[in-house]
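Working notes, beginning with the structure itself.
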Amino acid sequence: MSSPQLLQDVSSARLTWLRFKRHRLALASGIFLVVIYLTAGFCEFFAVYEPNSRNPRAIYAPPQQVHFIDPVEGFQLRPFVYGYHLTINPDTWVREYTEDHSQKFPLQFFAPGEAYQFWNLFGASRHFVTVPDTGYLHLFGTDKLGRDIFSRVLYGARISLSLGLLGVALTIVLGVLIGGLAGYLGGMVDNVIQRTIEVLQSIPTLPLWMALSAALPPHWSPLGVYFGIIVILSFIQWTGLARVVRGRFLALREEDFVVAARLLGAGRLRIIFRHLLPSFMSHIITTATLAIPGMILAETALSFLGVGLRAPIVSWGVLLQQAQNFQVIILTPWLLIPGVFVVLVVIAFNLLGDGMRDAADPYGGSNSA
């Protein structure tokens with residue numbers, strides 16, 4: 001194979017992918033994020049129960065352990081869980097649960113269980129894992145109303161993760177458009193946009209988010225509040241990307257290919273989106289990847305403080321509202337499990353962003369982690 005043909009076959013995207021695969025942590029993080037996004041997208045199938053289904057026999061119940069060995073019957077090929085045995089501590093009046101070996105619930109995979117509406121499109125009842133109708137399964141325990149935390153974490157993942165994606169998408173549109181106009185036009189337009197960015201960046205982020213979230217009308221539907229939070233978070237996040245895009249446009253607007261497009265009569269928006277943006281699209285993608293965890297953390301913080309998403313919406317921030325009392329944390333530490341997922345997703349996005357940045361710019365850092 002000749003050298004020109006070899007260079008043609010091995011494109012820039014292919015070289016970037018080969019460098020990215022060498023970053024093992026970033027590759028593993030990408031696989032983890034794909035799995036968790038697929039799980040969130042099909043949460044009705046992977047969850048055991050609907051998010052608001054209650055089990056009055058298990059209030060503040062701890063996670064059930066999956067067993068393969070029964071003290072009487074020995075090793076079992078089919079995994080199972082034991083039921084709860086509830087006692088009330090006479091001194092503290094605290095609910096205390098132990099395993100009831102007289103109740104054994106085998107796990108059933110791809111079997112019918114509680115009915116649900118998949119994306120409100122059609123009804124179904126088959127779950128990835130469930131137990132017989134007479135039993136119950138709470139892998140992450142239950143909350144104060146007896147709702148299964150495992151199922152609620154999966155439903156909350158759909159809201160929190162999709163909010164991060166939609167928020168960053170809106171941030172990219174605003175940042176690229178406003179920053180591109182500032183860098184390409186310059187002059188008075190650039191001065192006005194830069195002063196506006198400086199004012200927005202000088203305001204403390206969390207109080208501003210709280211004020212804007214509190215201004216949302218209380219009569220709005222859960223869907224309206226969801227999109228309102230997306231707009232509020234994007235209203236602040238676009239400023240950093242806009243400055244980056246402005247700097248790149250200032251450096252590229254006098255290049256030969258831009259001047260040629262201008263002389264051929266191309267409009268400003270066409271030059272921005274067809275000629276300038278593709279030259280550093282990899283940087284924008286990397287910036288977006290690193291911005292998604294910020295969106296997820298912002299939603300979690302607002303919902304945790306009670307000024308973000310509100311019930312009946314189920315998000316990771318809403319689930320963490322139950323963990324505001326330190327006594328609840330001491331007695332029922334499994335209520336912090338949604339926070340563990342927030343930490344894992346944020347770390348995965350940061351590692352993925354680092355790997356993508358190193359792959360796109362091999363001279364900017366190490367890509368062999």
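The chains in the structure tokens are called A, B, ... from first to last as shown; in each chain the residues are counted from 1, and the ligands are counted from 1 in the order shown.
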
Near Pro312 in chain A, within 12 Å and counting only C-alpha atoms, which residues show up once chain neighbours fewer than 5 positions away are dropped, as an mmCIF file with N, CA and C atoms, in the first residue's frame?
data_model
loop_
_atom_site.group_PDB
_atom_site.id
_atom_site.type_symbol
_atom_site.label_atom_id
_atom_site.label_comp_id
_atom_site.auth_asym_id
_atom_site.auth_seq_id
_atom_site.Cartn_x
_atom_site.Cartn_y
_atom_site.Cartn_z
ATOM 1 N N PRO A 51 -41.826 3.720 40.618
ATOM 2 C CA PRO A 51 -41.120 4.542 41.617
ATOM 3 C C PRO A 51 -41.954 4.870 42.849
ATOM 4 N N ASN A 52 -43.280 4.869 42.732
ATOM 5 C CA ASN A 52 -44.130 5.222 43.868
ATOM 6 C C ASN A 52 -44.837 4.021 44.478
ATOM 7 N N ARG A 152 -36.218 3.466 42.411
ATOM 8 C CA ARG A 152 -36.254 4.924 42.344
ATOM 9 C C ARG A 152 -34.926 5.502 41.866
ATOM 10 N N TYR A 155 -35.086 5.173 38.046
ATOM 11 C CA TYR A 155 -35.960 6.198 37.470
ATOM 12 C C TYR A 155 -35.331 7.582 37.629
ATOM 13 N N GLY A 156 -34.662 7.820 38.750
ATOM 14 C CA GLY A 156 -33.998 9.098 38.941
ATOM 15 C C GLY A 156 -32.833 9.296 37.997
ATOM 16 N N ILE A 159 -33.931 11.025 34.764
ATOM 17 C CA ILE A 159 -34.145 12.470 34.870
ATOM 18 C C ILE A 159 -32.814 13.199 34.989
ATOM 19 N N SER A 221 -46.383 22.321 35.697
ATOM 20 C CA SER A 221 -46.373 20.859 35.722
ATOM 21 C C SER A 221 -44.955 20.361 35.963
ATOM 22 N N PRO A 222 -44.793 19.102 36.383
ATOM 23 C CA PRO A 222 -43.432 18.564 36.556
ATOM 24 C C PRO A 222 -42.585 18.668 35.299
ATOM 25 N N LEU A 223 -43.204 18.482 34.121
ATOM 26 C CA LEU A 223 -42.446 18.607 32.883
ATOM 27 C C LEU A 223 -41.998 20.046 32.657
ATOM 28 N N VAL A 225 -41.369 22.273 35.025
ATOM 29 C CA VAL A 225 -40.276 22.532 35.965
ATOM 30 C C VAL A 225 -38.988 21.903 35.461
ATOM 31 N N TYR A 226 -39.092 20.721 34.881
ATOM 32 C CA TYR A 226 -37.916 20.018 34.343
ATOM 33 C C TYR A 226 -37.213 20.874 33.291
ATOM 34 N N VAL A 318 -33.651 14.773 44.211
ATOM 35 C CA VAL A 318 -34.886 14.621 44.984
ATOM 36 C C VAL A 318 -34.762 13.465 45.975
ATOM 37 N N LEU A 319 -34.142 12.375 45.553
ATOM 38 C CA LEU A 319 -33.969 11.233 46.454
ATOM 39 C C LEU A 319 -33.069 11.587 47.629
#

Would you mind listing what lies within 8 Å of range 134-150 of chain A as a CSV table (one decimal) with C-alpha atoms, in the first residue's frame, with only C-alpha atoms counted and same-chain residues fewer than 3 positions away left out?
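Listing of out.csv after writing:
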chain,number,residue,atom,x,y,z
A,47,ALA,CA,-36.5,-1.6,37.9
A,48,VAL,CA,-38.4,-4.0,40.1
A,49,TYR,CA,-41.3,-1.7,40.9
A,51,PRO,CA,-41.1,4.5,41.6
A,52,ASN,CA,-44.1,5.2,43.9
A,53,SER,CA,-45.0,1.6,44.7
A,54,ARG,CA,-45.1,1.0,48.4
A,55,ASN,CA,-44.4,-2.0,50.6
A,56,PRO,CA,-46.1,-1.4,54.0
A,57,ARG,CA,-44.2,-4.5,55.3
A,58,ALA,CA,-40.9,-2.8,54.8
A,59,ILE,CA,-40.6,0.8,56.1
A,60,TYR,CA,-37.0,2.0,56.3
A,61,ALA,CA,-35.9,-1.5,55.6
A,62,PRO,CA,-32.2,-2.2,54.9
A,63,PRO,CA,-31.0,-3.7,51.6
A,64,GLN,CA,-31.7,-7.4,51.1
A,65,GLN,CA,-28.7,-9.7,50.6
A,81,VAL,CA,-33.4,-13.4,49.1
A,83,GLY,CA,-37.9,-11.8,53.8
A,105,PHE,CA,-38.0,-15.5,47.5
A,130,THR,CA,-38.2,-9.9,39.9
A,131,VAL,CA,-39.6,-12.2,42.6
A,153,VAL,CA,-32.5,5.3,41.7
A,154,LEU,CA,-33.0,3.9,38.2
A,334,TRP,CA,-28.7,3.3,52.5
A,335,LEU,CA,-30.6,6.5,51.7
A,337,ILE,CA,-27.0,5.4,47.7

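The coordinates place CA of Trp209 in chain A at 18.5 Å from CA of Leu241 in chain A.
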
Selection near Phe80 in chain A, 8 Å with only C-alpha atoms, sequence-local residues under 3 positions removed, as number ranges by chain: A: 66-68, 104-107

Emit the selected residues as a PDB file, in the first residue's frame, including N, CA and C atoms.
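That gives us part_35.pdb:
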ATOM      1  N   VAL A  66     -28.407 -10.946  48.542  1.00  0.00           N
ATOM      2  CA  VAL A  66     -28.663 -12.047  47.620  1.00  0.00           C
ATOM      3  C   VAL A  66     -27.843 -13.254  48.057  1.00  0.00           C
ATOM      4  N   HIS A  67     -28.497 -14.400  48.180  1.00  0.00           N
ATOM      5  CA  HIS A  67     -27.842 -15.613  48.676  1.00  0.00           C
ATOM      6  C   HIS A  67     -27.856 -16.700  47.608  1.00  0.00           C
ATOM      7  N   PHE A  68     -26.864 -17.582  47.710  1.00  0.00           N
ATOM      8  CA  PHE A  68     -26.829 -18.806  46.921  1.00  0.00           C
ATOM      9  C   PHE A  68     -26.827 -20.041  47.811  1.00  0.00           C
ATOM     10  N   LYS A 104     -38.387 -17.322  51.812  1.00  0.00           N
ATOM     11  CA  LYS A 104     -37.330 -17.333  50.810  1.00  0.00           C
ATOM     12  C   LYS A 104     -37.945 -17.029  49.451  1.00  0.00           C
ATOM     13  N   PHE A 105     -37.427 -15.967  48.809  1.00  0.00           N
ATOM     14  CA  PHE A 105     -37.985 -15.509  47.535  1.00  0.00           C
ATOM     15  C   PHE A 105     -36.929 -15.687  46.441  1.00  0.00           C
ATOM     16  N   PRO A 106     -37.103 -16.661  45.549  1.00  0.00           N
ATOM     17  CA  PRO A 106     -36.123 -16.856  44.465  1.00  0.00           C
ATOM     18  C   PRO A 106     -36.206 -15.720  43.442  1.00  0.00           C
ATOM     19  N   LEU A 107     -35.049 -15.341  42.904  1.00  0.00           N
ATOM     20  CA  LEU A 107     -35.009 -14.298  41.884  1.00  0.00           C
ATOM     21  C   LEU A 107     -35.385 -14.894  40.534  1.00  0.00           C
TER      22      LEU A 107
END

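Between Ala28 in chain A and the residues A:Gly179, A:Gly41, A:Pro71, A:Gly355, the shortest atom-to-atom distance, using only C-alpha atoms, involves A:Gly355.
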
What separation in Å, quoted to one decimal, exists between CA of Ile36 in chain A and CA of Ala348 in chain A?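 So the two atoms, CA of Ile36 in chain A and CA of Ala348 in chain A, lie 10.8 Å apart.
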
With the cut-off set at 8 Å and counting only C-alpha atoms, tabulate each residue of range 191-271 of chain A with an atom at most that distance from an atom of range 168-173 of chain A, showing the nearest atom pair and its distance in Å to one decimal, ordered by chain and increasing number, as a tab-separated table.
residue	atom	partner	partner_atom	distance
A:Val231	CA	A:Leu170	CA	7.7
A:Ser234	CA	A:Thr171	CA	5.1
A:Phe235	CA	A:Thr171	CA	7.5
A:Gln237	CA	A:Thr171	CA	6.2
A:Trp238	CA	A:Thr171	CA	4.8
A:Leu241	CA	A:Ile172	CA	7.3

Please produce a file of the residues just selected, as a compact mmCIF listing (two decimals), in the first residue's frame, where the atoms kept are N, CA and C atoms.
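Written out: out_6.txt:
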# COMPACT_ATOMS: atom_id res chain seq x y z
N VAL A 231 -33.18 25.32 31.44
CA VAL A 231 -32.90 26.68 30.95
C VAL A 231 -32.10 27.46 31.98
N SER A 234 -28.45 26.27 32.05
CA SER A 234 -27.75 26.67 30.83
C SER A 234 -27.52 28.17 30.77
N PHE A 235 -28.35 28.94 31.47
CA PHE A 235 -28.25 30.40 31.44
C PHE A 235 -26.91 30.88 31.97
N GLN A 237 -24.06 28.49 32.39
CA GLN A 237 -22.95 27.66 31.94
C GLN A 237 -22.39 28.08 30.58
N TRP A 238 -23.14 28.80 29.76
CA TRP A 238 -22.69 29.09 28.40
C TRP A 238 -21.54 30.08 28.37
N LEU A 241 -17.88 28.58 27.72
CA LEU A 241 -17.71 28.09 26.36
C LEU A 241 -17.67 29.24 25.36

Identify, on the basis of only C-alpha atoms, every residue whose closest approach to Thr289 in chain A does not exceed 8 Å; exclude the query and any residue fewer than 2 positions from it along the same chain; express the result as a ChimeraX atom specification. /A:285-287,291-293,349-350,352-353

The selected residues should be written to file as a compact mmCIF listing (two decimals), in the first residue's frame (atoms: N, CA and C atoms).
# COMPACT_ATOMS: atom_id res chain seq x y z
N ILE A 285 -16.56 19.22 21.72
CA ILE A 285 -17.08 17.96 22.24
C ILE A 285 -16.46 17.63 23.59
N THR A 286 -15.16 17.84 23.72
CA THR A 286 -14.50 17.58 24.99
C THR A 286 -15.01 18.51 26.07
N THR A 287 -15.19 19.79 25.74
CA THR A 287 -15.72 20.75 26.71
C THR A 287 -17.12 20.36 27.15
N ALA A 291 -18.59 19.32 30.85
CA ALA A 291 -19.62 20.19 31.42
C ALA A 291 -20.83 19.40 31.92
N ILE A 292 -21.04 18.19 31.40
CA ILE A 292 -22.20 17.41 31.81
C ILE A 292 -22.20 17.12 33.31
N PRO A 293 -21.09 16.68 33.92
CA PRO A 293 -21.14 16.46 35.38
C PRO A 293 -21.46 17.71 36.16
N PHE A 349 -17.44 10.86 33.86
CA PHE A 349 -17.45 11.90 32.85
C PHE A 349 -16.13 12.67 32.83
N ASN A 350 -15.58 12.93 34.00
CA ASN A 350 -14.29 13.64 34.05
C ASN A 350 -13.18 12.81 33.42
N LEU A 352 -13.60 10.44 31.18
CA LEU A 352 -13.88 10.37 29.75
C LEU A 352 -13.45 11.66 29.05
N GLY A 353 -13.75 12.80 29.68
CA GLY A 353 -13.35 14.07 29.09
C GLY A 353 -11.84 14.22 29.00

Hey, what's within 8 Å of Phe45 in chain A if we count only C-alpha atoms and toss same-chain stuff fewer than 4 positions away? As a PyMOL selection string, please? chain A and resi 118+126-128

Just C-alpha atoms for this one: save the residues we selected as a tab-separated table (two decimals), in the first residue's frame.
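File selection.tsv, as written:
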chain	number	residue	atom	x	y	z
A	118	PHE	CA	-42.86	1.97	28.98
A	126	ARG	CA	-41.73	-8.15	32.11
A	127	HIS	CA	-38.71	-7.15	34.23
A	128	PHE	CA	-35.02	-7.94	34.14

List every residue of range 62-234 of chain A that DSSP, applied to the backbone of this structure, assigns to alpha helix (DSSP H), and report them as a PyMOL selection string. chain A and resi 149-185+187-202+205-214+222-234

Selection to disk with C-alpha atoms, as an mmCIF file, in the first residue's frame:
data_model
loop_
_atom_site.group_PDB
_atom_site.id
_atom_site.type_symbol
_atom_site.label_atom_id
_atom_site.label_comp_id
_atom_site.auth_asym_id
_atom_site.auth_seq_id
_atom_site.Cartn_x
_atom_site.Cartn_y
_atom_site.Cartn_z
ATOM 1 C CA ILE A 149 -34.786 2.717 46.485
ATOM 2 C CA PHE A 150 -33.234 0.550 43.761
ATOM 3 C CA SER A 151 -36.164 1.244 41.443
ATOM 4 C CA ARG A 152 -36.254 4.924 42.344
ATOM 5 C CA VAL A 153 -32.517 5.295 41.670
ATOM 6 C CA LEU A 154 -33.016 3.891 38.157
ATOM 7 C CA TYR A 155 -35.960 6.198 37.470
ATOM 8 C CA GLY A 156 -33.998 9.098 38.941
ATOM 9 C CA ALA A 157 -31.073 8.309 36.649
ATOM 10 C CA ARG A 158 -33.275 8.974 33.620
ATOM 11 C CA ILE A 159 -34.145 12.470 34.870
ATOM 12 C CA SER A 160 -30.712 13.488 36.156
ATOM 13 C CA LEU A 161 -28.712 12.109 33.222
ATOM 14 C CA SER A 162 -31.057 13.416 30.535
ATOM 15 C CA LEU A 163 -31.109 16.819 32.216
ATOM 16 C CA GLY A 164 -27.330 16.943 31.981
ATOM 17 C CA LEU A 165 -27.371 16.101 28.271
ATOM 18 C CA LEU A 166 -30.137 18.554 27.360
ATOM 19 C CA GLY A 167 -28.612 21.289 29.505
ATOM 20 C CA VAL A 168 -25.208 20.918 27.877
ATOM 21 C CA ALA A 169 -26.803 20.826 24.414
ATOM 22 C CA LEU A 170 -28.482 24.176 25.099
ATOM 23 C CA THR A 171 -25.235 25.480 26.588
ATOM 24 C CA ILE A 172 -23.330 24.547 23.427
ATOM 25 C CA VAL A 173 -25.881 26.292 21.211
ATOM 26 C CA LEU A 174 -25.734 29.496 23.269
ATOM 27 C CA GLY A 175 -21.973 29.420 23.779
ATOM 28 C CA VAL A 176 -21.113 28.713 20.161
ATOM 29 C CA LEU A 177 -23.599 31.203 18.727
ATOM 30 C CA ILE A 178 -22.867 34.096 21.100
ATOM 31 C CA GLY A 179 -19.126 33.437 21.342
ATOM 32 C CA GLY A 180 -18.883 32.945 17.593
ATOM 33 C CA LEU A 181 -20.606 36.254 16.866
ATOM 34 C CA ALA A 182 -18.368 38.046 19.370
ATOM 35 C CA GLY A 183 -15.178 36.629 17.888
ATOM 36 C CA TYR A 184 -16.160 36.935 14.248
ATOM 37 C CA LEU A 185 -17.761 40.403 14.313
ATOM 38 C CA GLY A 187 -16.033 45.744 17.754
ATOM 39 C CA MET A 188 -19.084 46.890 19.691
ATOM 40 C CA VAL A 189 -20.760 43.467 19.524
ATOM 41 C CA ASP A 190 -17.713 41.860 21.107
ATOM 42 C CA ASN A 191 -17.517 44.506 23.841
ATOM 43 C CA VAL A 192 -21.200 44.143 24.776
ATOM 44 C CA ILE A 193 -21.016 40.353 24.893
ATOM 45 C CA GLN A 194 -17.799 40.332 26.926
ATOM 46 C CA ARG A 195 -19.175 42.784 29.491
ATOM 47 C CA THR A 196 -22.344 40.686 29.780
ATOM 48 C CA ILE A 197 -20.268 37.557 30.359
ATOM 49 C CA GLU A 198 -18.196 39.321 33.024
ATOM 50 C CA VAL A 199 -21.347 40.409 34.866
ATOM 51 C CA LEU A 200 -22.821 36.891 34.794
ATOM 52 C CA GLN A 201 -19.549 35.311 35.933
ATOM 53 C CA SER A 202 -19.226 37.767 38.826
ATOM 54 C CA THR A 205 -23.565 30.712 40.906
ATOM 55 C CA LEU A 206 -25.507 28.819 43.569
ATOM 56 C CA PRO A 207 -27.488 31.810 44.928
ATOM 57 C CA LEU A 208 -28.354 32.853 41.373
ATOM 58 C CA TRP A 209 -29.537 29.351 40.523
ATOM 59 C CA MET A 210 -31.593 29.233 43.708
ATOM 60 C CA ALA A 211 -33.177 32.607 43.008
ATOM 61 C CA LEU A 212 -34.102 31.677 39.451
ATOM 62 C CA SER A 213 -35.405 28.268 40.525
ATOM 63 C CA ALA A 214 -37.521 29.809 43.270
ATOM 64 C CA PRO A 222 -43.432 18.564 36.556
ATOM 65 C CA LEU A 223 -42.446 18.607 32.883
ATOM 66 C CA GLY A 224 -42.479 22.403 32.863
ATOM 67 C CA VAL A 225 -40.276 22.532 35.965
ATOM 68 C CA TYR A 226 -37.916 20.018 34.343
ATOM 69 C CA PHE A 227 -37.357 22.193 31.277
ATOM 70 C CA GLY A 228 -37.280 25.329 33.428
ATOM 71 C CA ILE A 229 -34.353 23.916 35.420
ATOM 72 C CA ILE A 230 -32.566 23.080 32.160
ATOM 73 C CA VAL A 231 -32.900 26.678 30.951
ATOM 74 C CA ILE A 232 -31.757 28.058 34.315
ATOM 75 C CA LEU A 233 -28.630 25.891 34.445
ATOM 76 C CA SER A 234 -27.751 26.670 30.828
#
